[in-house]
Every structure is written in structure tokens, then in C-alpha cells.
file coords17.cif (mmCIF, C-alpha atoms)
data_query
loop_
_atom_site.label_atom_id
_atom_site.label_comp_id
_atom_site.auth_asym_id
_atom_site.auth_seq_id
_atom_site.Cartn_x
_atom_site.Cartn_y
_atom_site.Cartn_z
CA MET G 708 54.42 -14.74 -48.83
CA LEU G 709 52.04 -13.69 -46.07
CA TRP G 710 51.10 -10.44 -47.81
CA VAL G 711 50.30 -12.38 -51.00
CA MET G 712 47.91 -14.61 -49.05
CA VAL G 713 46.26 -11.56 -47.48
CA LEU G 714 45.80 -9.96 -50.91
CA LEU G 715 44.25 -13.14 -52.28
CA LEU G 716 41.96 -13.46 -49.28
CA PHE G 717 40.58 -9.95 -49.72
CA SER G 718 40.70 -9.77 -53.51
CA PRO G 719 37.49 -8.98 -55.44
CA ALA G 720 37.42 -12.53 -56.82
CA ALA G 721 37.64 -14.06 -53.36
CA PHE G 722 35.02 -11.63 -52.08
CA ALA G 723 32.65 -12.46 -54.94
CA ALA G 724 33.03 -16.19 -54.34
CA ASP G 725 32.15 -15.70 -50.69
CA ILE G 726 29.13 -13.39 -50.93
CA TRP G 727 26.58 -16.19 -50.80
CA LYS G 728 28.23 -18.06 -47.93
CA ASP G 729 25.77 -17.83 -45.03
CA ALA G 730 23.71 -15.29 -47.02
CA PRO G 731 20.14 -14.89 -45.74
CA PHE G 732 18.82 -14.94 -49.31
CA GLU G 733 18.79 -17.39 -52.20
CA PRO G 734 21.80 -17.01 -54.50
CA THR G 735 21.22 -15.41 -57.88
CA ASP G 736 23.55 -15.99 -60.80
CA VAL G 737 22.56 -13.02 -62.96
CA ALA G 738 25.37 -10.96 -64.42
CA MET G 739 25.56 -7.66 -62.57
CA GLU G 740 28.30 -5.06 -62.99
CA LEU G 741 28.60 -1.85 -61.01
CA LEU G 742 29.54 0.66 -63.69
CA ARG G 743 31.25 3.94 -62.85
CA LEU G 744 29.68 7.11 -64.24
CA SER G 745 31.57 9.90 -62.48
CA GLU G 746 33.70 10.63 -59.43
CA HIS G 747 31.02 9.45 -56.99
CA CYS G 748 28.29 7.80 -59.07
CA TYR G 749 27.80 4.23 -60.25
CA TYR G 750 24.91 2.16 -61.53
CA VAL G 751 23.88 -1.37 -62.40
CA GLN G 752 21.83 -1.91 -65.55
CA GLY G 753 18.91 -4.32 -65.49
CA GLN G 754 18.57 -6.75 -68.35
CA ALA G 755 16.11 -6.58 -71.23
CA GLY G 756 13.14 -8.92 -71.21
CA THR G 757 10.58 -9.84 -68.60
CA ALA G 758 11.24 -10.35 -64.90
CA THR G 759 10.86 -14.12 -65.23
CA ASP G 760 13.56 -14.17 -67.92
CA ASN G 761 16.18 -12.57 -65.66
CA GLN G 762 15.43 -13.62 -62.07
CA GLY G 763 13.77 -10.23 -61.60
CA PHE G 764 16.77 -8.17 -62.72
CA ILE G 765 15.10 -5.81 -65.19
CA ALA G 766 15.50 -2.38 -63.54
CA ASN G 767 18.49 -0.15 -62.89
CA ALA G 768 19.84 0.98 -59.53
CA GLY G 769 22.23 3.80 -58.69
CA VAL G 770 24.99 4.09 -56.10
CA VAL G 771 26.68 7.27 -54.89
CA ILE G 772 29.78 6.79 -52.73
CA THR G 773 30.93 9.70 -50.58
CA ASP G 774 33.51 10.10 -47.82
CA GLU G 775 30.80 9.80 -45.17
CA GLY G 776 28.58 7.10 -46.60
CA VAL G 777 26.61 5.69 -49.50
CA VAL G 778 23.32 6.72 -51.09
CA VAL G 779 21.51 4.07 -53.13
CA PHE G 780 18.86 4.90 -55.72
CA ASP G 781 16.29 2.09 -56.04
CA ALA G 782 16.68 -1.37 -54.55
CA LEU G 783 16.00 -3.80 -57.43
CA GLY G 784 13.43 -6.57 -57.78
CA SER G 785 14.33 -9.08 -55.07
CA PRO G 786 16.27 -9.32 -51.81
CA SER G 787 18.75 -11.59 -53.61
CA LEU G 788 19.46 -8.94 -56.23
CA ALA G 789 19.83 -6.27 -53.54
CA TRP G 790 22.24 -8.54 -51.65
CA LEU G 791 24.30 -8.92 -54.81
CA LEU G 792 24.27 -5.14 -55.29
CA LEU G 793 25.33 -4.66 -51.67
CA SER G 794 28.24 -7.03 -52.25
CA LYS G 795 29.31 -4.94 -55.25
CA ILE G 796 29.22 -1.83 -53.07
CA ARG G 797 31.18 -3.54 -50.31
CA ALA G 798 33.89 -4.47 -52.81
CA LEU G 799 34.46 -0.71 -53.22
CA THR G 800 33.78 0.76 -49.77
CA ASP G 801 32.93 -0.15 -46.21
CA LYS G 802 31.15 3.18 -45.65
CA PRO G 803 27.62 2.85 -44.23
CA ILE G 804 24.56 2.78 -46.48
CA VAL G 805 22.98 6.01 -45.24
CA LYS G 806 19.97 6.46 -47.50
CA VAL G 807 18.00 4.60 -50.14
CA VAL G 808 16.02 6.91 -52.39
CA THR G 809 13.26 5.05 -54.22
CA SER G 810 12.12 6.46 -57.54
CA HIS G 811 8.67 4.90 -57.12
CA TYR G 812 6.95 1.92 -55.59
CA HIS G 813 6.86 -0.80 -58.25
CA ALA G 814 7.97 -4.38 -57.66
CA ASP G 815 11.11 -4.27 -59.80
CA HIS G 816 12.45 -1.30 -57.81
CA ILE G 817 11.50 -2.02 -54.18
CA TYR G 818 11.62 -5.73 -53.34
CA GLY G 819 15.25 -5.36 -52.29
CA LEU G 820 14.57 -2.61 -49.74
CA GLN G 821 14.66 -4.97 -46.76
CA VAL G 822 18.35 -5.65 -47.42
CA PHE G 823 19.29 -1.99 -47.09
CA LYS G 824 16.86 -1.42 -44.23
CA ALA G 825 18.75 -4.11 -42.32
CA GLU G 826 21.93 -2.10 -42.99
CA GLY G 827 20.37 0.86 -41.17
CA ALA G 828 19.55 2.93 -44.25
CA GLU G 829 16.82 5.55 -44.23
CA ILE G 830 14.24 4.77 -46.92
CA ILE G 831 13.11 7.91 -48.77
CA ALA G 832 10.09 7.52 -51.04
CA PRO G 833 7.90 9.85 -53.09
CA ALA G 834 4.47 10.94 -51.95
CA GLY G 835 2.18 8.32 -53.41
CA ALA G 836 4.17 5.36 -52.11
CA LEU G 837 1.71 4.85 -49.26
CA ASP G 838 -1.13 4.77 -51.78
CA TYR G 839 0.62 1.87 -53.48
CA LEU G 840 1.15 0.03 -50.20
CA ALA G 841 -2.49 0.53 -49.17
CA ASP G 842 -3.82 -0.88 -52.43
CA GLU G 843 -4.58 -4.60 -52.48
CA THR G 844 -2.74 -4.94 -55.78
CA ALA G 845 0.57 -4.43 -53.95
CA GLU G 846 0.02 -7.60 -51.94
CA SER G 847 -1.36 -9.51 -54.92
CA ARG G 848 1.67 -8.55 -57.01
CA LEU G 849 3.98 -9.70 -54.24
CA GLN G 850 2.14 -13.02 -54.07
CA GLU G 851 2.43 -13.40 -57.84
CA ARG G 852 6.17 -12.71 -57.71
CA ARG G 853 6.57 -15.21 -54.87
CA GLU G 854 5.43 -17.78 -57.38
CA SER G 855 6.91 -16.52 -60.65
CA LEU G 856 10.27 -15.46 -59.15
CA PHE G 857 10.66 -18.18 -56.52
CA PRO G 858 13.05 -18.73 -54.77
CA TRP G 859 14.48 -15.19 -55.10
CA VAL G 860 11.15 -13.70 -54.05
CA ASN G 861 9.55 -15.86 -51.38
CA ASP G 862 7.57 -15.81 -48.14
CA ASP G 863 10.39 -13.90 -46.42
CA THR G 864 10.18 -11.06 -48.96
CA ARG G 865 8.22 -8.18 -47.52
CA LEU G 866 7.04 -4.71 -48.45
CA ILE G 867 8.93 -1.96 -46.64
CA THR G 868 7.20 1.21 -45.48
CA PRO G 869 9.34 4.31 -46.17
CA ASP G 870 10.85 6.34 -43.35
CA GLN G 871 10.32 9.63 -45.16
CA LEU G 872 8.07 10.89 -47.95
CA ILE G 873 9.09 13.62 -50.37
CA THR G 874 6.19 15.96 -51.09
CA THR G 875 8.04 18.63 -53.06
CA GLN G 876 11.84 18.70 -53.00
CA GLN G 877 14.65 17.98 -50.57
CA ARG G 878 18.30 19.00 -50.69
CA PHE G 879 20.96 17.35 -48.58
CA GLN G 880 24.72 16.87 -48.42
CA LEU G 881 26.70 13.78 -47.57
CA GLY G 882 30.47 13.73 -47.50
CA GLY G 883 30.56 17.08 -49.28
CA VAL G 884 28.43 15.80 -52.17
CA ARG G 885 25.22 17.73 -52.86
CA PHE G 886 21.97 15.95 -53.68
CA VAL G 887 18.53 17.10 -54.80
CA VAL G 888 15.53 14.77 -54.61
CA ARG G 889 12.47 16.15 -56.38
CA LEU G 890 8.92 14.86 -56.55
CA VAL G 891 7.66 14.77 -60.12
CA GLY G 892 4.20 13.52 -59.16
CA SER G 893 1.87 10.75 -60.26
CA THR G 894 3.34 10.08 -63.68
CA HIS G 895 4.54 6.54 -64.36
CA SER G 896 3.14 5.38 -61.00
CA THR G 897 1.23 6.67 -57.97
CA GLY G 898 4.28 8.77 -57.13
CA ASP G 899 7.59 9.33 -58.91
CA GLN G 900 10.72 11.22 -57.91
CA ILE G 901 14.16 11.87 -59.34
CA MET G 902 17.57 12.38 -57.73
CA GLN G 903 20.30 14.65 -59.04
CA VAL G 904 23.88 14.52 -57.82
CA LEU G 905 24.80 18.15 -58.40
CA ASP G 906 28.58 17.92 -58.10
CA ASP G 907 28.74 15.10 -60.67
CA GLY G 908 26.04 16.28 -63.06
CA VAL G 909 24.27 12.92 -62.82
CA LEU G 910 20.50 12.48 -62.81
CA PHE G 911 18.80 9.26 -61.70
CA SER G 912 15.36 9.47 -63.31
CA GLY G 913 13.71 6.20 -62.34
CA ASP G 914 10.94 5.13 -64.70
CA LEU G 915 10.23 8.65 -65.79
CA ILE G 916 12.71 7.67 -68.52
CA PHE G 917 13.02 4.37 -70.40
CA GLN G 918 16.03 4.15 -72.69
CA GLY G 919 16.10 1.90 -75.74
CA ARG G 920 13.05 -0.14 -74.78
CA ILE G 921 9.28 0.28 -74.75
CA PRO G 922 8.06 2.07 -71.59
CA LEU G 923 5.40 0.49 -69.41
CA VAL G 924 2.42 2.82 -69.74
CA ALA G 925 -0.44 0.70 -68.39
CA GLY G 926 -1.38 1.97 -64.94
CA SER G 927 0.34 5.31 -65.48
CA HIS G 928 -0.92 8.87 -65.92
CA PRO G 929 0.27 9.62 -69.47
CA GLN G 930 -0.54 13.34 -69.61
CA ALA G 931 1.07 14.00 -66.24
CA TRP G 932 4.02 11.88 -67.38
CA LEU G 933 4.52 14.11 -70.42
CA GLU G 934 4.31 17.19 -68.20
CA GLY G 935 6.88 15.65 -65.87
CA LEU G 936 9.25 15.12 -68.78
CA GLN G 937 8.78 18.74 -69.80
CA SER G 938 9.88 19.82 -66.31
CA LEU G 939 13.30 18.18 -66.64
CA ARG G 940 16.26 20.49 -67.24
CA THR G 941 19.45 19.17 -68.82
CA ASP G 942 21.69 22.26 -68.77
CA ASP G 943 23.85 21.01 -65.90
CA LEU G 944 23.59 17.30 -66.67
CA LYS G 945 26.41 15.11 -67.94
CA VAL G 946 24.76 11.72 -67.46
CA LEU G 947 21.16 10.53 -67.19
CA VAL G 948 20.46 7.12 -65.67
CA PRO G 949 17.00 5.86 -66.69
CA GLY G 950 14.87 3.37 -64.80
CA HIS G 951 15.46 0.82 -67.55
CA GLY G 952 18.13 0.70 -70.22
CA PRO G 953 21.66 2.10 -70.51
CA ALA G 954 22.84 5.36 -68.98
CA SER G 955 23.10 8.19 -71.47
CA ARG G 956 25.71 10.92 -71.82
CA LYS G 957 23.19 12.74 -74.01
CA PRO G 958 20.46 13.44 -71.43
CA ALA G 959 18.26 15.51 -73.75
CA LYS G 960 18.24 12.66 -76.27
CA ALA G 961 17.27 10.16 -73.59
CA ILE G 962 14.34 12.33 -72.49
CA GLU G 963 13.29 12.75 -76.11
CA PHE G 964 12.90 8.99 -76.65
CA THR G 965 10.32 8.49 -73.88
CA ARG G 966 8.59 11.79 -74.63
CA ASP G 967 8.23 11.02 -78.34
CA TYR G 968 6.88 7.54 -77.65
CA LEU G 969 4.21 8.85 -75.27
CA ARG G 970 3.23 11.57 -77.72
CA TYR G 971 3.01 9.11 -80.61
CA LEU G 972 0.91 6.73 -78.54
CA HIS G 973 -1.45 9.55 -77.56
CA GLN G 974 -1.72 10.90 -81.09
CA GLY G 975 -2.60 7.55 -82.64
CA MET G 976 -5.21 6.65 -80.05
CA ALA G 977 -6.69 10.18 -79.81
CA GLU G 978 -7.50 10.20 -83.51
CA ALA G 979 -9.17 6.80 -83.17
CA VAL G 980 -11.30 7.87 -80.21
CA GLU G 981 -12.30 11.09 -81.93
CA ASN G 982 -13.38 9.14 -85.04
CA LEU G 983 -15.07 6.38 -82.99
CA THR G 984 -12.70 3.82 -84.50
CA PRO G 985 -12.67 0.45 -82.67
CA PHE G 986 -9.39 -0.25 -80.89
CA GLU G 987 -8.26 -3.25 -82.95
CA GLU G 988 -8.78 -1.33 -86.16
CA ALA G 989 -7.06 1.73 -84.72
CA TYR G 990 -4.06 -0.24 -83.47
CA ALA G 991 -3.59 -1.95 -86.81
CA ALA G 992 -3.71 1.39 -88.62
CA VAL G 993 -0.82 2.94 -86.67
CA ASP G 994 2.70 2.57 -88.07
CA TRP G 995 4.73 1.06 -85.20
CA SER G 996 7.86 0.41 -87.28
CA ALA G 997 9.95 2.89 -85.28
CA TYR G 998 9.38 0.86 -82.12
CA GLU G 999 8.60 -2.76 -83.06
CA HIS G 1000 12.27 -3.79 -83.01
CA LEU G 1001 12.78 -2.64 -79.41
CA PRO G 1002 12.85 -4.82 -76.28
CA ALA G 1003 9.49 -5.05 -74.48
CA PHE G 1004 7.52 -4.20 -77.64
CA ILE G 1005 5.16 -6.94 -76.47
CA ALA G 1006 3.80 -4.32 -74.02
CA ASN G 1007 2.98 -1.87 -76.80
CA ARG G 1008 -0.52 -3.20 -77.51
CA LEU G 1009 -1.44 -3.02 -73.83
CA ASN G 1010 0.01 0.50 -73.64
CA ALA G 1011 -2.07 1.59 -76.61
CA TYR G 1012 -5.23 -0.02 -75.23
CA TYR G 1013 -4.72 1.67 -71.86
CA VAL G 1014 -4.35 5.08 -73.51
CA TYR G 1015 -7.32 4.38 -75.78
CA LEU G 1016 -9.57 3.51 -72.84
CA GLY G 1017 -8.44 6.59 -70.92
CA LEU G 1018 -9.14 8.92 -73.83
CA GLU G 1019 -12.47 7.22 -74.49
CA ALA G 1020 -13.54 7.67 -70.87
CA LYS G 1021 -12.48 11.33 -70.99
CA SER G 1022 -14.43 11.97 -74.19
CA MET G 1023 -17.56 10.43 -72.70
CA ALA G 1024 -17.18 12.52 -69.54
CA ASP G 1025 -16.80 15.68 -71.59
#

call {"tool": "encode", "arguments": {"input": "coords17.cif", "output": "C-alpha cells"}}
result
Amino acid sequence: MLWVMVLLLFSPAAFAADIWKDAPFEPTDVAMELLRLSEHCYYVQGQAGTATDNQGFIANAGVVITDEGVVVFDALGSPSLAWLLLSKIRALTDKPIVKVVTSHYHADHIYGLQVFKAEGAEIIAPAGALDYLADETAESRLQERRESLFPWVNDDTRLITPDQLITTQQRFQLGGVRFVVRLVGSTHSTGDQIMQVLDDGVLFSGDLIFQGRIPLVAGSHPQAWLEGLQSLRTDDLKVLVPGHGPASRKPAKAIEFTRDYLRYLHQGMAEAVENLTPFEEAYAAVDWSAYEHLPAFIANRLNAYYVYLGLEAKSMAD
């Protein structure tokens, strides 16, 4: 009878029921499942919709469990979400969280960093992260999220400075598992990087790739983004985990979706700028039927306007 009680006490259900007891963060009730991808790799998939629809859970995060410790890829959009992710990890292993590799510094990927920092993890960010932190918009976005995502983002939520910046590429091993972290550059954000788990053939792309939903283009560097996509190699890949949307076992197809959208956006707006067509007229003239059914299509007009303004400024400078 005693062993039955012990099993019940330490069962996943009992653990899940207890994760918010004495937790330092506000409980979140979003559905989050740690999905296995390969021998060592897992991920959680953020939900479709806006951050305010899902308590901030709109982005993906990756987890790699080795014999010597855990590597996390991205930290989600609030300390509460990161705490929930940590609880999912702890249901599988008690190994230390050794590193957190951030794909880029945007709110939906970094507001959970303080949870893993408290676990002793080294925070590894791309070059460009400090530019984000130095810009006043980082603080203003945090203040906005303290209001729109309260109580999960609140006055105790803070921006975490990385321990290490990747300026080109870094290889490391943990528990016999080989990793490559590579800077892609200023593409979707001020600095973006990807992480490949070589032994598993898994690539965590961050927001370089959006799968099955409209990418966020406003504030990005679209031409550099396209070049970054061109630099990706899929020969040794079995799974690609995007920054948003489901993981894909057809990596080339996943890359194609984001690449084709960016190209289509550029093509439609470039023709308008070249012909001096006003934006509203240009936007209405483009056939968006291939994309209008997708989640986050509400961002499409802003994406198009951002690209239009960028091309217009370039044409005037030339």
C-alpha cells in the first residue's frame, strides 16, 4: 500500500496539481503540452491569436534533455508561462537547466527568462539583443504588457540581460549531444539566431520561420530576412520547429511558406511603389486569397504598409 501512495504522490497528475502551490508567479491556466520530437528534443506550441487572447502564450519554446542537463530554446511571453514550462520539464527530468538560447529579443520569447535565470541557466542571445534592450521601446512594450497581460506580466517582470552574445556561430556539447547556434543577423528583429541539435536532426528556427500563420513583418528587415532563409540548409534536418505554429517534418516546405509570403509581399508593394500607386489602392489590388484564411491575417495590412514605406524610402534615396 505504501508504494501505491508514493506513486500517487509523485505522479504527473499530482505534480501538475502542485506546481502553483507557493509559486512566485501568478497561475496561468493555458493548455500547454510538451511534445516529443526526437530522442532528446521537445517543444511547446504557442496558440494562434493575439497575446491578449492566450495569456501571452503565442510563441513556441524548445527543450533538449541530455544526460548532463537541459538546454531551453526561448523562454515564452511571461514568467508564469516559463514557470509552467519548467514544471513540464521537471516532470521529465531533474537535470539542471544549463543554457537558455534565445532566438531573438521580442516580448513573446523573453519575458520568461527570469525563471530560468533563477535556475542558474546561462542566457545566450544573438548579437543585436543589447540594441533591443537599449531602445526605449523595450521598456514601453514591457509597460504595455504589464497592463494588457496583467497579472501574468506585472511589476515583478523584468528584462534580462544575456550572459553571452553570439556574433557568428558557436558549437558545444552537453551530455554527448552536439549543438550549433548560428547568428542569422538582423532579419525578423535586431538580431536573430537558430539552434540545431545535430544528433537529432532538429532545427529550432525562432521567428525566422512562421508556420501556418501570417508572419509579423513590421519592424523587420525583409530583404535580410529573405537572405537568411536562403542560408538555411535542410539536408540533415528531420524536424523544423518554427517560432510560431506547428513543428514540421518537412523542413524545406516550412521554409518555403515564410519565404513565399515575404516574396509575394515585396512583389506586390514594389510594383505599387514603382508605379507611384497610393498604398490603399495598391493593397486592394493585390490578391491575398492564399493567405486571408490564416491566423494573424489581421497583421497583413500592417506588414504590407511597412514594406511599402521601406521601398518608397529606398526609391526616394536612389

call {"tool": "residues_near_point", "arguments": {"input": "coords17.cif", "point": "(6.8, 19.0, -54.5)", "cutoff": "10 Å", "atoms": "only C-alpha atoms", "output": "PyMOL selection string"}}
result
chain G and resi 833-834+873-877+888-892+900

call {"tool": "residues_around", "arguments": {"input": "coords17.cif", "residues": "Gly756 of chain G", "least_positions_apart": "4", "cutoff": "7 Å", "atoms": "all atoms listed in the file", "output": "PyMOL selection string"}}
result
chain G and resi 760+1002-1003

call {"tool": "closest_atom_pairs", "arguments": {"input": "coords17.cif", "of": "segment 881-957 of chain G", "to": "segment 835-842 of chain G", "cutoff": "10 Å", "atoms": "all atoms listed in the file", "output": "CSV"}}
result
residue,atom,partner,partner_atom,distance
G:Leu890,CA,G:Gly835,CA,9.9
G:Gly892,CA,G:Gly835,CA,8.0
G:Ser893,CA,G:Gly835,CA,7.3
G:Ser896,CA,G:Gly835,CA,8.2
G:Thr897,CA,G:Gly835,CA,4.9
G:Gly898,CA,G:Gly835,CA,4.3
G:Asp899,CA,G:Gly835,CA,7.8

call {"tool": "write_last_selection", "arguments": {"input": "coords17.cif", "atoms": "C-alpha atoms", "output": "PDB file, keeping the file's coordinate frame"}}
result
ATOM      1  CA  LEU G 890       8.920  14.860 -56.550  1.00  0.00           C
ATOM      2  CA  GLY G 892       4.200  13.520 -59.160  1.00  0.00           C
ATOM      3  CA  SER G 893       1.870  10.750 -60.260  1.00  0.00           C
ATOM      4  CA  SER G 896       3.140   5.380 -61.000  1.00  0.00           C
ATOM      5  CA  THR G 897       1.230   6.670 -57.970  1.00  0.00           C
ATOM      6  CA  GLY G 898       4.280   8.770 -57.130  1.00  0.00           C
ATOM      7  CA  ASP G 899       7.590   9.330 -58.910  1.00  0.00           C
TER       8      ASP G 899
END

call {"tool": "closest_residue", "arguments": {"input": "coords17.cif", "among": "G:Leu910, G:Leu936, G:Val822, G:Ala730", "to": "Arg956 of chain G", "atoms": "only C-alpha atoms"}}
result
G:Leu910

call {"tool": "resolve_selection", "arguments": {"input": "coords17.cif", "expression": "the PyMOL selection byres ((chain G and resi 995) around 12)", "output": "ChimeraX atom specification"}}
result
/G:921,968,971-972,975,989-994,996-1001,1004-1005,1007-1008,1011

call {"tool": "closest_residue", "arguments": {"input": "coords17.cif", "among": "G:Pro734, G:Gly919, G:Pro869, G:Gly827", "to": "Pro803 of chain G", "atoms": "all atoms listed in the file"}}
result
G:Gly827

call {"tool": "residues_around", "arguments": {"input": "coords17.cif", "residues": "Arg853 of chain G", "least_positions_apart": "2", "cutoff": "12 Å", "atoms": "all atoms listed in the file", "output": "list of chain:residue names"}}
result
G:Thr759, G:Gln762, G:Gly763, G:Gly784, G:Ser785, G:Pro786, G:Ala814, G:Tyr818, G:Glu846, G:Ser847, G:Arg848, G:Leu849, G:Gln850, G:Glu851, G:Ser855, G:Leu856, G:Phe857, G:Pro858, G:Trp859, G:Val860, G:Asn861, G:Asp862, G:Asp863, G:Thr864, G:Arg865

call {"tool": "resolve_selection", "arguments": {"input": "coords17.cif", "expression": "the PyMOL selection byres ((chain G and resi 939) around 10)", "output": "JSON, numbers by chain"}}
result
{"G": [891, 901, 910, 912, 934, 935, 936, 937, 938, 940, 941, 942, 958, 959, 962]}

call {"tool": "closest_residue", "arguments": {"input": "coords17.cif", "among": "G:Leu872, G:Leu915, G:Ile772, G:Ala782", "to": "Asp801 of chain G", "atoms": "all atoms listed in the file"}}
result
G:Ile772

call {"tool": "atom_distance", "arguments": {"input": "coords17.cif", "atom1": "atom CA of Val777 of chain G", "atom2": "atom CA of Cys748 of chain G"}}
result
9.9 Å

call {"tool": "closest_residue", "arguments": {"input": "coords17.cif", "among": "G:Asn982, G:Ser745, G:Gln880, G:Gln918", "to": "Ala961 of chain G", "atoms": "only C-alpha atoms"}}
result
G:Gln918

call {"tool": "atom_distance", "arguments": {"input": "coords17.cif", "atom1": "atom CA of Ala845 of chain G", "atom2": "atom CA of Ile817 of chain G"}}
result
11.2 Å

call {"tool": "residues_around", "arguments": {"input": "coords17.cif", "residues": "Ala766 of chain G", "least_positions_apart": "3", "cutoff": "9 Å", "atoms": "all atoms listed in the file", "output": "JSON, numbers by chain"}}
result
{"G": [751, 752, 753, 754, 755, 763, 781, 783, 784, 815, 816, 913, 914, 949, 950, 951, 952]}

call {"tool": "atom_distance", "arguments": {"input": "coords17.cif", "atom1": "atom CA of Gly882 of chain G", "atom2": "atom CA of Thr773 of chain G"}}
result
5.1 Å

call {"tool": "closest_residue", "arguments": {"input": "coords17.cif", "among": "G:Ile831, G:Ile867, G:Met902, G:Val778", "to": "Gly819 of chain G", "atoms": "all atoms listed in the file"}}
result
G:Ile867

call {"tool": "residues_around", "arguments": {"input": "coords17.cif", "residues": "Asp906 of chain G", "least_positions_apart": "5", "cutoff": "12 Å", "atoms": "all atoms listed in the file", "output": "NGL selection string"}}
result
:G and (745-748 or 771 or 773 or 880-887 or 943-946)

call {"tool": "closest_residue", "arguments": {"input": "coords17.cif", "among": "G:Ile830, G:Leu793, G:Thr757, G:Phe764", "to": "Leu741 of chain G", "atoms": "all atoms listed in the file"}}
result
G:Leu793

call {"tool": "resolve_selection", "arguments": {"input": "coords17.cif", "expression": "the PyMOL selection byres ((chain G and resi 780) around 7)", "output": "PyMOL selection string"}}
result
chain G and resi 768-770+778-779+781-782+807-809

call {"tool": "residues_around", "arguments": {"input": "coords17.cif", "residues": "Thr965 of chain G", "least_positions_apart": "5", "cutoff": "8 Å", "atoms": "all atoms listed in the file", "output": "ChimeraX atom specification"}}
result
/G:916-918,922

call {"tool": "decode", "arguments": {"input": "coords17.cif", "residues": "segment 937-960 of chain G", "atoms": "N, CA and C atoms", "output": "compact mmCIF listing (two decimals), in the first residue's frame"}}
result
# COMPACT_ATOMS: atom_id res chain seq x y z
N GLN G 937 17.43 31.94 -47.24
CA GLN G 937 18.22 31.29 -48.29
C GLN G 937 19.43 30.57 -47.72
N SER G 938 19.90 31.03 -46.56
CA SER G 938 21.11 30.43 -45.96
C SER G 938 20.82 29.12 -45.24
N LEU G 939 19.55 28.79 -45.03
CA LEU G 939 19.20 27.58 -44.30
C LEU G 939 19.40 26.35 -45.17
N ARG G 940 19.98 25.31 -44.58
CA ARG G 940 20.19 24.05 -45.28
C ARG G 940 19.36 22.96 -44.59
N THR G 941 18.68 22.16 -45.38
CA THR G 941 17.77 21.16 -44.82
C THR G 941 18.23 19.72 -45.03
N ASP G 942 19.40 19.53 -45.61
CA ASP G 942 19.86 18.18 -45.96
C ASP G 942 19.87 17.23 -44.77
N ASP G 943 20.31 17.73 -43.62
CA ASP G 943 20.44 16.86 -42.44
C ASP G 943 19.31 17.06 -41.44
N LEU G 944 18.26 17.74 -41.86
CA LEU G 944 17.16 18.03 -40.93
C LEU G 944 16.03 17.01 -41.05
N LYS G 945 15.50 16.63 -39.89
CA LYS G 945 14.32 15.78 -39.84
C LYS G 945 13.10 16.56 -39.36
N VAL G 946 13.35 17.56 -38.50
CA VAL G 946 12.25 18.35 -37.94
C VAL G 946 12.69 19.81 -37.87
N LEU G 947 11.78 20.71 -38.22
CA LEU G 947 11.99 22.14 -38.04
C LEU G 947 10.92 22.68 -37.10
N VAL G 948 11.36 23.35 -36.04
CA VAL G 948 10.44 23.97 -35.09
C VAL G 948 10.45 25.47 -35.33
N PRO G 949 9.34 26.03 -35.82
CA PRO G 949 9.30 27.47 -36.09
C PRO G 949 9.09 28.27 -34.82
N GLY G 950 9.14 29.58 -34.95
CA GLY G 950 8.87 30.43 -33.79
C GLY G 950 7.41 30.45 -33.42
N HIS G 951 6.56 30.25 -34.42
CA HIS G 951 5.11 30.21 -34.23
C HIS G 951 4.54 29.14 -35.15
N GLY G 952 3.59 28.37 -34.64
CA GLY G 952 2.97 27.33 -35.45
C GLY G 952 3.55 25.96 -35.18
N PRO G 953 2.99 24.93 -35.80
CA PRO G 953 3.40 23.55 -35.51
C PRO G 953 4.76 23.20 -36.07
N ALA G 954 5.44 22.28 -35.39
CA ALA G 954 6.69 21.74 -35.91
C ALA G 954 6.42 21.00 -37.22
N SER G 955 7.41 20.98 -38.08
CA SER G 955 7.24 20.36 -39.39
C SER G 955 8.29 19.28 -39.62
N ARG G 956 7.84 18.14 -40.12
CA ARG G 956 8.76 17.08 -40.53
C ARG G 956 9.08 17.19 -42.02
N LYS G 957 8.70 18.32 -42.60
CA LYS G 957 9.09 18.68 -43.97
C LYS G 957 9.73 20.06 -43.91
N PRO G 958 10.97 20.13 -43.41
CA PRO G 958 11.62 21.43 -43.18
C PRO G 958 11.65 22.34 -44.39
N ALA G 959 11.93 21.80 -45.56
CA ALA G 959 12.01 22.64 -46.76
C ALA G 959 10.67 23.29 -47.05
N LYS G 960 9.59 22.56 -46.81
CA LYS G 960 8.24 23.09 -47.03
C LYS G 960 7.94 24.21 -46.04
